[in-house]
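What follows is the content of entry.pdb, which has PDB, C-alpha atoms:
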```
ATOM      1  CA  MET A   1     -83.706  62.566-137.309  1.00  0.00           C
ATOM      2  CA  PRO A   2     -80.292  62.770-135.625  1.00  0.00           C
ATOM      3  CA  ARG A   3     -78.187  65.718-136.698  1.00  0.00           C
ATOM      4  CA  THR A   4     -74.460  65.259-137.189  1.00  0.00           C
ATOM      5  CA  ALA A   5     -72.586  68.228-135.797  1.00  0.00           C
ATOM      6  CA  PRO A   6     -69.252  69.418-137.215  1.00  0.00           C
ATOM      7  CA  LYS A   7     -66.225  68.283-135.271  1.00  0.00           C
ATOM      8  CA  PRO A   8     -64.646  71.126-133.310  1.00  0.00           C
ATOM      9  CA  ALA A   9     -61.492  72.508-134.855  1.00  0.00           C
ATOM     10  CA  GLY A  10     -58.261  72.869-132.941  1.00  0.00           C
ATOM     11  CA  SER A  11     -58.031  71.205-129.535  1.00  0.00           C
ATOM     12  CA  ALA A  12     -59.307  67.689-128.918  1.00  0.00           C
ATOM     13  CA  PRO A  13     -62.850  67.424-127.530  1.00  0.00           C
ATOM     14  CA  VAL A  14     -63.369  66.936-123.815  1.00  0.00           C
ATOM     15  CA  TYR A  15     -65.531  63.854-123.314  1.00  0.00           C
ATOM     16  CA  ARG A  16     -68.172  63.389-120.620  1.00  0.00           C
ATOM     17  CA  ASN A  17     -69.215  59.837-121.472  1.00  0.00           C
ATOM     18  CA  ARG A  18     -67.867  57.582-118.716  1.00  0.00           C
ATOM     19  CA  ILE A  19     -66.606  54.891-121.063  1.00  0.00           C
ATOM     20  CA  LEU A  20     -64.708  57.395-123.202  1.00  0.00           C
ATOM     21  CA  THR A  21     -63.258  59.255-120.214  1.00  0.00           C
ATOM     22  CA  SER A  22     -61.829  55.982-118.862  1.00  0.00           C
ATOM     23  CA  LEU A  23     -59.585  55.538-121.908  1.00  0.00           C
ATOM     24  CA  SER A  24     -55.960  56.623-122.144  1.00  0.00           C
ATOM     25  CA  LYS A  25     -54.876  59.365-124.542  1.00  0.00           C
ATOM     26  CA  GLY A  26     -53.418  56.735-126.848  1.00  0.00           C
ATOM     27  CA  GLU A  27     -56.628  54.713-126.946  1.00  0.00           C
ATOM     28  CA  LEU A  28     -58.688  57.865-127.504  1.00  0.00           C
ATOM     29  CA  SER A  29     -56.402  58.992-130.315  1.00  0.00           C
ATOM     30  CA  SER A  30     -57.201  55.747-132.127  1.00  0.00           C
ATOM     31  CA  LEU A  31     -60.954  55.985-131.475  1.00  0.00           C
ATOM     32  CA  ALA A  32     -61.572  59.732-131.807  1.00  0.00           C
ATOM     33  CA  PRO A  33     -61.258  60.040-135.614  1.00  0.00           C
ATOM     34  CA  HIS A  34     -64.195  57.651-135.944  1.00  0.00           C
ATOM     35  CA  LEU A  35     -66.484  59.423-133.442  1.00  0.00           C
ATOM     36  CA  SER A  36     -69.012  61.701-135.152  1.00  0.00           C
ATOM     37  CA  PRO A  37     -70.805  64.261-132.932  1.00  0.00           C
ATOM     38  CA  VAL A  38     -74.595  63.935-133.112  1.00  0.00           C
ATOM     39  CA  THR A  39     -77.609  65.751-131.712  1.00  0.00           C
ATOM     40  CA  LEU A  40     -80.551  63.458-130.947  1.00  0.00           C
ATOM     41  CA  PRO A  41     -84.044  64.989-130.542  1.00  0.00           C
ATOM     42  CA  GLN A  42     -86.652  63.796-128.064  1.00  0.00           C
ATOM     43  CA  GLY A  43     -88.619  60.840-129.393  1.00  0.00           C
ATOM     44  CA  HIS A  44     -86.036  59.835-132.004  1.00  0.00           C
ATOM     45  CA  THR A  45     -85.721  56.065-132.396  1.00  0.00           C
ATOM     46  CA  VAL A  46     -82.040  55.207-132.214  1.00  0.00           C
ATOM     47  CA  LEU A  47     -82.549  51.469-132.561  1.00  0.00           C
ATOM     48  CA  ASP A  48     -85.827  49.833-133.501  1.00  0.00           C
ATOM     49  CA  ALA A  49     -86.872  46.360-132.399  1.00  0.00           C
ATOM     50  CA  GLY A  50     -85.088  43.788-134.549  1.00  0.00           C
ATOM     51  CA  GLN A  51     -83.060  46.439-136.392  1.00  0.00           C
ATOM     52  CA  LYS A  52     -79.477  45.558-137.264  1.00  0.00           C
ATOM     53  CA  VAL A  53     -77.036  47.653-135.250  1.00  0.00           C
ATOM     54  CA  ASP A  54     -75.128  49.741-137.781  1.00  0.00           C
ATOM     55  CA  HIS A  55     -73.817  52.293-135.265  1.00  0.00           C
ATOM     56  CA  ALA A  56     -73.078  52.539-131.563  1.00  0.00           C
ATOM     57  CA  TYR A  57     -73.738  55.726-129.608  1.00  0.00           C
ATOM     58  CA  PHE A  58     -71.874  57.197-126.657  1.00  0.00           C
ATOM     59  CA  LEU A  59     -74.168  59.805-125.096  1.00  0.00           C
ATOM     60  CA  GLU A  60     -72.669  62.913-123.503  1.00  0.00           C
ATOM     61  CA  ASP A  61     -75.934  64.160-122.041  1.00  0.00           C
ATOM     62  CA  GLY A  62     -79.642  63.426-122.285  1.00  0.00           C
ATOM     63  CA  LEU A  63     -81.252  60.040-121.838  1.00  0.00           C
ATOM     64  CA  ALA A  64     -82.343  57.064-123.920  1.00  0.00           C
ATOM     65  CA  SER A  65     -85.043  54.578-122.905  1.00  0.00           C
ATOM     66  CA  ILE A  66     -85.176  50.904-123.836  1.00  0.00           C
ATOM     67  CA  VAL A  67     -88.762  49.662-123.998  1.00  0.00           C
ATOM     68  CA  VAL A  68     -90.558  46.385-124.540  1.00  0.00           C
ATOM     69  CA  THR A  69     -93.808  46.627-126.518  1.00  0.00           C
ATOM     70  CA  MET A  70     -96.389  43.861-126.222  1.00  0.00           C
ATOM     71  CA  GLU A  71     -98.774  42.670-128.950  1.00  0.00           C
ATOM     72  CA  SER A  72    -101.492  44.784-127.303  1.00  0.00           C
ATOM     73  CA  GLY A  73     -99.388  47.887-127.933  1.00  0.00           C
ATOM     74  CA  THR A  74     -98.654  48.384-124.220  1.00  0.00           C
ATOM     75  CA  SER A  75     -95.075  49.404-123.501  1.00  0.00           C
ATOM     76  CA  VAL A  76     -92.859  49.302-120.430  1.00  0.00           C
ATOM     77  CA  GLU A  77     -89.338  50.556-119.947  1.00  0.00           C
ATOM     78  CA  VAL A  78     -86.674  47.972-119.117  1.00  0.00           C
ATOM     79  CA  GLY A  79     -83.609  50.203-119.105  1.00  0.00           C
ATOM     80  CA  VAL A  80     -82.196  53.712-119.418  1.00  0.00           C
ATOM     81  CA  VAL A  81     -78.903  54.817-120.938  1.00  0.00           C
ATOM     82  CA  GLY A  82     -77.124  58.102-120.325  1.00  0.00           C
ATOM     83  CA  ARG A  83     -73.527  59.272-120.372  1.00  0.00           C
ATOM     84  CA  GLU A  84     -72.517  56.300-118.216  1.00  0.00           C
ATOM     85  CA  GLY A  85     -72.794  53.833-121.083  1.00  0.00           C
ATOM     86  CA  MET A  86     -73.451  53.148-124.739  1.00  0.00           C
ATOM     87  CA  ILE A  87     -76.261  52.244-127.100  1.00  0.00           C
ATOM     88  CA  GLY A  88     -75.572  49.192-129.244  1.00  0.00           C
ATOM     89  CA  LEU A  89     -74.996  46.343-126.789  1.00  0.00           C
ATOM     90  CA  PRO A  90     -75.378  43.589-129.441  1.00  0.00           C
ATOM     91  CA  LEU A  91     -71.954  44.672-130.710  1.00  0.00           C
ATOM     92  CA  LEU A  92     -70.436  43.500-127.426  1.00  0.00           C
ATOM     93  CA  LEU A  93     -72.162  40.128-127.661  1.00  0.00           C
ATOM     94  CA  GLY A  94     -71.422  39.253-131.280  1.00  0.00           C
ATOM     95  CA  THR A  95     -75.078  39.575-132.259  1.00  0.00           C
ATOM     96  CA  GLU A  96     -76.785  42.027-134.586  1.00  0.00           C
ATOM     97  CA  SER A  97     -80.025  43.150-132.961  1.00  0.00           C
ATOM     98  CA  LEU A  98     -82.348  43.280-129.951  1.00  0.00           C
ATOM     99  CA  PRO A  99     -86.122  42.739-129.847  1.00  0.00           C
ATOM    100  CA  HIS A 100     -86.574  46.050-127.987  1.00  0.00           C
ATOM    101  CA  ARG A 101     -86.831  49.673-129.106  1.00  0.00           C
ATOM    102  CA  THR A 102     -84.332  52.292-127.936  1.00  0.00           C
ATOM    103  CA  PHE A 103     -85.399  55.921-128.282  1.00  0.00           C
ATOM    104  CA  ILE A 104     -84.400  59.327-126.937  1.00  0.00           C
ATOM    105  CA  GLN A 105     -86.399  60.181-123.832  1.00  0.00           C
ATOM    106  CA  ILE A 106     -84.598  63.447-123.016  1.00  0.00           C
ATOM    107  CA  PRO A 107     -82.881  65.359-125.881  1.00  0.00           C
ATOM    108  CA  ALA A 108     -79.284  64.205-126.130  1.00  0.00           C
ATOM    109  CA  THR A 109     -75.925  64.883-127.681  1.00  0.00           C
ATOM    110  CA  GLY A 110     -73.122  62.421-128.080  1.00  0.00           C
ATOM    111  CA  PHE A 111     -70.947  60.543-130.525  1.00  0.00           C
ATOM    112  CA  ARG A 112     -71.766  57.924-133.125  1.00  0.00           C
ATOM    113  CA  ILE A 113     -69.372  55.293-134.444  1.00  0.00           C
ATOM    114  CA  ARG A 114     -69.871  52.703-137.173  1.00  0.00           C
ATOM    115  CA  ALA A 115     -70.384  49.173-135.863  1.00  0.00           C
ATOM    116  CA  ALA A 116     -67.615  47.658-137.981  1.00  0.00           C
ATOM    117  CA  VAL A 117     -65.113  50.241-136.720  1.00  0.00           C
ATOM    118  CA  LEU A 118     -66.078  49.750-133.082  1.00  0.00           C
ATOM    119  CA  ARG A 119     -65.607  45.990-133.427  1.00  0.00           C
ATOM    120  CA  LEU A 120     -62.056  46.602-134.655  1.00  0.00           C
ATOM    121  CA  GLU A 121     -61.332  49.042-131.832  1.00  0.00           C
ATOM    122  CA  LEU A 122     -62.702  46.583-129.261  1.00  0.00           C
ATOM    123  CA  ALA A 123     -60.341  43.940-130.615  1.00  0.00           C
ATOM    124  CA  LYS A 124     -57.371  46.329-130.367  1.00  0.00           C
ATOM    125  CA  SER A 125     -58.010  48.011-127.032  1.00  0.00           C
ATOM    126  CA  GLU A 126     -58.131  45.913-123.868  1.00  0.00           C
ATOM    127  CA  LYS A 127     -59.298  48.915-121.804  1.00  0.00           C
ATOM    128  CA  LEU A 128     -62.154  49.746-124.164  1.00  0.00           C
ATOM    129  CA  ARG A 129     -63.200  46.107-124.217  1.00  0.00           C
ATOM    130  CA  HIS A 130     -63.066  45.920-120.422  1.00  0.00           C
ATOM    131  CA  ARG A 131     -65.025  49.138-119.810  1.00  0.00           C
ATOM    132  CA  THR A 132     -67.783  48.221-122.262  1.00  0.00           C
ATOM    133  CA  GLN A 133     -68.058  44.783-120.638  1.00  0.00           C
ATOM    134  CA  VAL A 134     -68.275  46.439-117.218  1.00  0.00           C
ATOM    135  CA  TYR A 135     -71.087  48.608-118.536  1.00  0.00           C
ATOM    136  CA  LEU A 136     -72.829  45.531-119.936  1.00  0.00           C
ATOM    137  CA  GLN A 137     -72.866  43.976-116.458  1.00  0.00           C
ATOM    138  CA  ALA A 138     -74.271  47.180-114.941  1.00  0.00           C
ATOM    139  CA  HIS A 139     -76.965  47.303-117.599  1.00  0.00           C
ATOM    140  CA  LEU A 140     -77.940  43.691-116.930  1.00  0.00           C
ATOM    141  CA  VAL A 141     -78.228  44.457-113.209  1.00  0.00           C
ATOM    142  CA  GLN A 142     -80.398  47.479-114.008  1.00  0.00           C
ATOM    143  CA  ALA A 143     -82.677  45.453-116.311  1.00  0.00           C
ATOM    144  CA  SER A 144     -83.125  42.573-113.856  1.00  0.00           C
ATOM    145  CA  GLN A 145     -83.737  44.891-110.903  1.00  0.00           C
ATOM    146  CA  THR A 146     -86.244  46.891-112.962  1.00  0.00           C
ATOM    147  CA  ALA A 147     -88.113  43.702-113.857  1.00  0.00           C
ATOM    148  CA  GLY A 148     -88.475  42.828-110.185  1.00  0.00           C
ATOM    149  CA  CYS A 149     -89.409  46.404-109.339  1.00  0.00           C
ATOM    150  CA  ASN A 150     -92.173  46.550-111.954  1.00  0.00           C
ATOM    151  CA  ARG A 151     -93.701  43.359-110.562  1.00  0.00           C
ATOM    152  CA  LEU A 152     -93.378  43.863-106.798  1.00  0.00           C
ATOM    153  CA  HIS A 153     -93.345  47.536-105.870  1.00  0.00           C
ATOM    154  CA  GLU A 154     -95.956  50.252-105.600  1.00  0.00           C
ATOM    155  CA  ILE A 155     -96.252  52.818-108.375  1.00  0.00           C
ATOM    156  CA  ALA A 156     -95.151  55.776-106.193  1.00  0.00           C
ATOM    157  CA  GLU A 157     -91.952  53.909-105.225  1.00  0.00           C
ATOM    158  CA  ARG A 158     -91.290  53.041-108.862  1.00  0.00           C
ATOM    159  CA  LEU A 159     -91.922  56.609-109.983  1.00  0.00           C
ATOM    160  CA  ALA A 160     -89.471  57.904-107.375  1.00  0.00           C
ATOM    161  CA  ARG A 161     -86.900  55.339-108.546  1.00  0.00           C
ATOM    162  CA  TRP A 162     -87.359  56.356-112.184  1.00  0.00           C
ATOM    163  CA  LEU A 163     -87.029  60.079-111.491  1.00  0.00           C
ATOM    164  CA  LEU A 164     -83.850  59.510-109.482  1.00  0.00           C
ATOM    165  CA  MET A 165     -82.311  57.392-112.238  1.00  0.00           C
ATOM    166  CA  CYS A 166     -83.032  60.179-114.730  1.00  0.00           C
ATOM    167  CA  ASP A 167     -81.590  62.754-112.341  1.00  0.00           C
ATOM    168  CA  ASP A 168     -78.388  60.710-111.936  1.00  0.00           C
ATOM    169  CA  ARG A 169     -77.814  60.563-115.670  1.00  0.00           C
ATOM    170  CA  THR A 170     -78.862  64.051-116.723  1.00  0.00           C
ATOM    171  CA  GLU A 171     -77.603  65.899-113.624  1.00  0.00           C
ATOM    172  CA  SER A 172     -80.706  68.054-113.852  1.00  0.00           C
ATOM    173  CA  ASP A 173     -83.577  68.370-111.392  1.00  0.00           C
ATOM    174  CA  ASP A 174     -85.882  69.530-114.202  1.00  0.00           C
ATOM    175  CA  LEU A 175     -87.398  66.927-116.518  1.00  0.00           C
ATOM    176  CA  GLU A 176     -89.657  67.620-119.491  1.00  0.00           C
ATOM    177  CA  ILE A 177     -91.941  64.605-119.266  1.00  0.00           C
ATOM    178  CA  THR A 178     -95.695  64.018-119.477  1.00  0.00           C
ATOM    179  CA  HIS A 179     -97.826  61.711-117.331  1.00  0.00           C
ATOM    180  CA  GLN A 180     -98.640  59.702-120.442  1.00  0.00           C
ATOM    181  CA  THR A 181     -94.945  59.112-121.072  1.00  0.00           C
ATOM    182  CA  LEU A 182     -94.374  58.218-117.422  1.00  0.00           C
ATOM    183  CA  GLY A 183     -97.221  55.708-117.682  1.00  0.00           C
ATOM    184  CA  ASP A 184     -95.662  54.162-120.777  1.00  0.00           C
ATOM    185  CA  MET A 185     -92.276  53.915-119.046  1.00  0.00           C
ATOM    186  CA  LEU A 186     -93.679  52.389-115.856  1.00  0.00           C
ATOM    187  CA  GLY A 187     -96.248  50.168-117.565  1.00  0.00           C
ATOM    188  CA  ALA A 188     -99.091  51.809-115.646  1.00  0.00           C
ATOM    189  CA  PRO A 189    -102.264  53.687-116.629  1.00  0.00           C
ATOM    190  CA  ARG A 190    -101.900  57.432-116.891  1.00  0.00           C
ATOM    191  CA  ALA A 191    -104.434  57.991-114.097  1.00  0.00           C
ATOM    192  CA  THR A 192    -102.421  55.758-111.760  1.00  0.00           C
ATOM    193  CA  VAL A 193     -99.217  57.672-112.483  1.00  0.00           C
ATOM    194  CA  THR A 194    -101.052  60.950-111.911  1.00  0.00           C
ATOM    195  CA  LEU A 195    -102.101  59.792-108.443  1.00  0.00           C
ATOM    196  CA  ALA A 196     -98.531  58.710-107.652  1.00  0.00           C
ATOM    197  CA  ALA A 197     -97.143  62.052-108.831  1.00  0.00           C
ATOM    198  CA  ARG A 198     -99.650  63.878-106.649  1.00  0.00           C
ATOM    199  CA  MET A 199     -98.515  61.833-103.654  1.00  0.00           C
ATOM    200  CA  LEU A 200     -94.899  62.845-104.248  1.00  0.00           C
ATOM    201  CA  GLN A 201     -95.939  66.446-104.833  1.00  0.00           C
ATOM    202  CA  LYS A 202     -98.058  66.554-101.665  1.00  0.00           C
ATOM    203  CA  ALA A 203     -95.026  65.285 -99.723  1.00  0.00           C
ATOM    204  CA  GLY A 204     -92.989  68.212-101.079  1.00  0.00           C
ATOM    205  CA  LEU A 205     -90.630  65.958-103.033  1.00  0.00           C
ATOM    206  CA  VAL A 206     -91.462  67.099-106.568  1.00  0.00           C
ATOM    207  CA  ASP A 207     -93.326  69.850-108.346  1.00  0.00           C
ATOM    208  CA  TYR A 208     -95.391  68.827-111.346  1.00  0.00           C
ATOM    209  CA  SER A 209     -96.931  71.062-113.964  1.00  0.00           C
ATOM    210  CA  ARG A 210     -98.131  70.074-117.397  1.00  0.00           C
ATOM    211  CA  GLY A 211     -95.297  68.154-119.059  1.00  0.00           C
ATOM    212  CA  HIS A 212     -92.701  69.225-116.511  1.00  0.00           C
ATOM    213  CA  VAL A 213     -91.364  67.613-113.327  1.00  0.00           C
ATOM    214  CA  ARG A 214     -88.950  69.310-110.938  1.00  0.00           C
ATOM    215  CA  ILE A 215     -87.245  67.440-108.102  1.00  0.00           C
ATOM    216  CA  LEU A 216     -87.488  69.610-104.968  1.00  0.00           C
ATOM    217  CA  ASN A 217     -86.143  67.260-102.300  1.00  0.00           C
ATOM    218  CA  ARG A 218     -83.751  64.617-103.614  1.00  0.00           C
ATOM    219  CA  ARG A 219     -83.016  63.086-100.208  1.00  0.00           C
ATOM    220  CA  GLY A 220     -86.719  62.743 -99.504  1.00  0.00           C
ATOM    221  CA  LEU A 221     -87.262  61.226-102.946  1.00  0.00           C
ATOM    222  CA  GLU A 222     -84.550  58.651-102.227  1.00  0.00           C
ATOM    223  CA  GLU A 223     -86.375  57.714 -99.027  1.00  0.00           C
ATOM    224  CA  ALA A 224     -89.632  57.394-100.969  1.00  0.00           C
ATOM    225  CA  ALA A 225     -88.071  55.127-103.607  1.00  0.00           C
ATOM    226  CA  CYS A 226     -87.902  51.367-103.217  1.00  0.00           C
ATOM    227  CA  GLU A 227     -84.611  49.557-102.610  1.00  0.00           C
ATOM    228  CA  CYS A 228     -84.280  48.974-106.359  1.00  0.00           C
ATOM    229  CA  TYR A 229     -82.922  52.486-106.877  1.00  0.00           C
ATOM    230  CA  ARG A 230     -80.275  52.000-104.199  1.00  0.00           C
ATOM    231  CA  ASN A 231     -79.305  48.559-105.516  1.00  0.00           C
ATOM    232  CA  ILE A 232     -78.911  49.843-109.078  1.00  0.00           C
ATOM    233  CA  ARG A 233     -76.977  52.950-108.071  1.00  0.00           C
ATOM    234  CA  ARG A 234     -74.697  50.953-105.751  1.00  0.00           C
ATOM    235  CA  GLU A 235     -73.722  48.655-108.629  1.00  0.00           C
ATOM    236  CA  TYR A 236     -73.053  51.556-110.999  1.00  0.00           C
ATOM    237  CA  GLU A 237     -70.943  53.283-108.369  1.00  0.00           C
ATOM    238  CA  ARG A 238     -69.047  50.068-107.591  1.00  0.00           C
ATOM    239  CA  LEU A 239     -68.211  49.761-111.287  1.00  0.00           C
ATOM    240  CA  ASP A 240     -67.223  53.457-111.478  1.00  0.00           C
ATOM    241  CA  LEU A 241     -69.982  54.371-113.923  1.00  0.00           C
ATOM    242  CA  LEU A 242     -71.715  57.035-111.851  1.00  0.00           C
TER     243      LEU A 242
END
```

Hey, can you dump this file as structure tokens for me?
Amino acid sequence: MPRTAPKPAGSAPVYRNRILTSLSKGELSSLAPHLSPVTLPQGHTVLDAGQKVDHAYFLEDGLASIVVTMESGTSVEVGVVGREGMIGLPLLLGTESLPHRTFIQIPATGFRIRAAVLRLELAKSEKLRHRTQVYLQAHLVQASQTAGCNRLHEIAERLARWLLMCDDRTESDDLEITHQTLGDMLGAPRATVTLAARMLQKAGLVDYSRGHVRILNRRGLEEAACECYRNIRREYERLDLL
């Protein structure tokens, strides 16, 4: 379960979320009283498939995964969210839910705001509305590029792309992640992901031990990744989200 942390006394909090940091002091002063600090553990479901969005989340660190689950029970990741964006995109579209599950992949902290309040703030603040819409475009680019990547590219290229996207959002070269989880995210059998990880390890790009991946050579990993990573990152940079 998410844990709501007490708001710090005294000085105003310093935000790391890219949407929040883009706002003026005046816009933040209107929004801040409604932002509740939360701690989100690994594996926590923030938004279940079909669940009505009651809150939006602005992550400060950590990572959330958006996954599609088929009738067979097989899952594949279609998007990641870190401090560059927000969880709760239906609020920007005037809808109430998504048919996908969003859960915490890497333990996170951030801020939660009630859906009804965020709708009011979006109506009042042109900058907040603009920055969330910019993020929505970036997310759509990420999702569409990921769909193409999952269909057309080799597993080692996709694994390199996924690790780099996590690294961009967590700013950490160390990831606590199992091969089973990687397989679920990439829509590939565990054994296939294990072979891909060994290829990257043999090339000196990563170090893998049970449940732990460390990026050793980021530049080399970028060269090993398919063009999907570069296309996604270029769009996020163009929109000033990374």

Taking (-91.5, 60.9, -121.5) in the file's coordinates as the center, which residues reach within 12 Å of it, counting only C-alpha atoms, put as JSON, numbers by chain?
{"A": [42, 43, 44, 63, 64, 65, 67, 76, 77, 80, 103, 104, 105, 106, 107, 162, 163, 166, 175, 176, 177, 178, 179, 180, 181, 182, 183, 184, 185, 186, 190, 211, 212, 213]}

Assuming the chain letters and numbering stay as they are in my file, what does the PyMOL selection byres ((chain A and resi 56) around 9) actually select? List them as an mmCIF file with C-alpha atoms, keeping the file's coordinate frame.
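Done, and the output landed in out-v8.cif:
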```
data_model
loop_
_atom_site.group_PDB
_atom_site.id
_atom_site.type_symbol
_atom_site.label_atom_id
_atom_site.label_comp_id
_atom_site.auth_asym_id
_atom_site.auth_seq_id
_atom_site.Cartn_x
_atom_site.Cartn_y
_atom_site.Cartn_z
ATOM 1 C CA VAL A 53 -77.036 47.653 -135.250
ATOM 2 C CA ASP A 54 -75.128 49.741 -137.781
ATOM 3 C CA HIS A 55 -73.817 52.293 -135.265
ATOM 4 C CA TYR A 57 -73.738 55.726 -129.608
ATOM 5 C CA PHE A 58 -71.874 57.197 -126.657
ATOM 6 C CA MET A 86 -73.451 53.148 -124.739
ATOM 7 C CA ILE A 87 -76.261 52.244 -127.100
ATOM 8 C CA GLY A 88 -75.572 49.192 -129.244
ATOM 9 C CA LEU A 89 -74.996 46.343 -126.789
ATOM 10 C CA LEU A 91 -71.954 44.672 -130.710
ATOM 11 C CA PHE A 111 -70.947 60.543 -130.525
ATOM 12 C CA ARG A 112 -71.766 57.924 -133.125
ATOM 13 C CA ILE A 113 -69.372 55.293 -134.444
ATOM 14 C CA ARG A 114 -69.871 52.703 -137.173
ATOM 15 C CA ALA A 115 -70.384 49.173 -135.863
ATOM 16 C CA LEU A 118 -66.078 49.750 -133.082
#
```

Any idea what the distance is between CA of Met165 in chain A and CA of Val141 in chain A?
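Here the two named atoms are 13.6 Å from each other.
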
For each of A:Thr132, A:Gln142, A:Gln137, A:Thr21, take the minimum atom-to-atom distance to Gly79 in chain A, counting only C-alpha atoms, then give the residue where this is smallest.
A:Gln142

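When CA of Arg16 in chain A is paired with CA of Arg83 in chain A, their separation reads 6.8 Å.
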
Which residue out of A:Pro99, A:Gly85, A:Pro33, A:Pro90 has the minimum interatomic distance to Ala49 in chain A when all atoms listed in the file are used?
A:Pro99

Polymer residues at most 10 Å from Glu154 in chain A, all atoms listed in the file, same-chain spacing of 4 or more positions, as a ChimeraX atom specification
/A:149-150,158-159,196,225-226

One decimal, Å: what's the distance from CA of Arg238 in chain A over to CA of Ala160 in chain A, could you say?
21.9 Å

Which of these, A:Gly82, A:Pro13, A:Gly73, A:Pro37, has the shortest distance to Asp167 in chain A once you count all atoms listed in the file?
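Looking at the shortest contact to Asp167 in chain A, the residue is A:Gly82.
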
Of the candidates A:Asp240, A:Asp48, A:Glu235, A:Glu121, which one gets nearest to Gln145 in chain A if we count only C-alpha atoms?
A:Glu235

Could you check which of A:Ala116, A:Leu216, A:Leu241, A:Leu40 is closest to Ser172 in chain A, using only C-alpha atoms?
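Distance minimum relative to Ser172 in chain A lands on A:Leu216.
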
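This file gives the following result for the PyMOL selection byres ((chain A and resi 207) around 12): Asp173, Asp174, Leu175, Glu176, Ala197, Arg198, Met199, Leu200, Gln201, Lys202, Ala203, Gly204, Leu205, Val206, Tyr208, Ser209, Arg210, Gly211, His212, Val213, Arg214, Ile215, Leu216, Asn217, Arg218 and Leu221 of chain A.
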
Quick one: of A:Val78, A:Lys127, A:Tyr135, A:Asp168, who's nearest to Arg151 in chain A, counting all atoms listed in the file?
A:Val78

Would you kindly return, as a PyMOL selection string, each protein, DNA or RNA residue with an atom no farther than 7 Å from any atom of Thr109 in chain A, considering only C-alpha atoms and excluding same-chain residues fewer than 2 positions away?
chain A and resi 38-40+59-62

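Every residue that the PyMOL selection byres ((chain A and resi 46) around 6) selects in this file is listed here: Thr45, Leu47, Thr102 and Phe103 of chain A.
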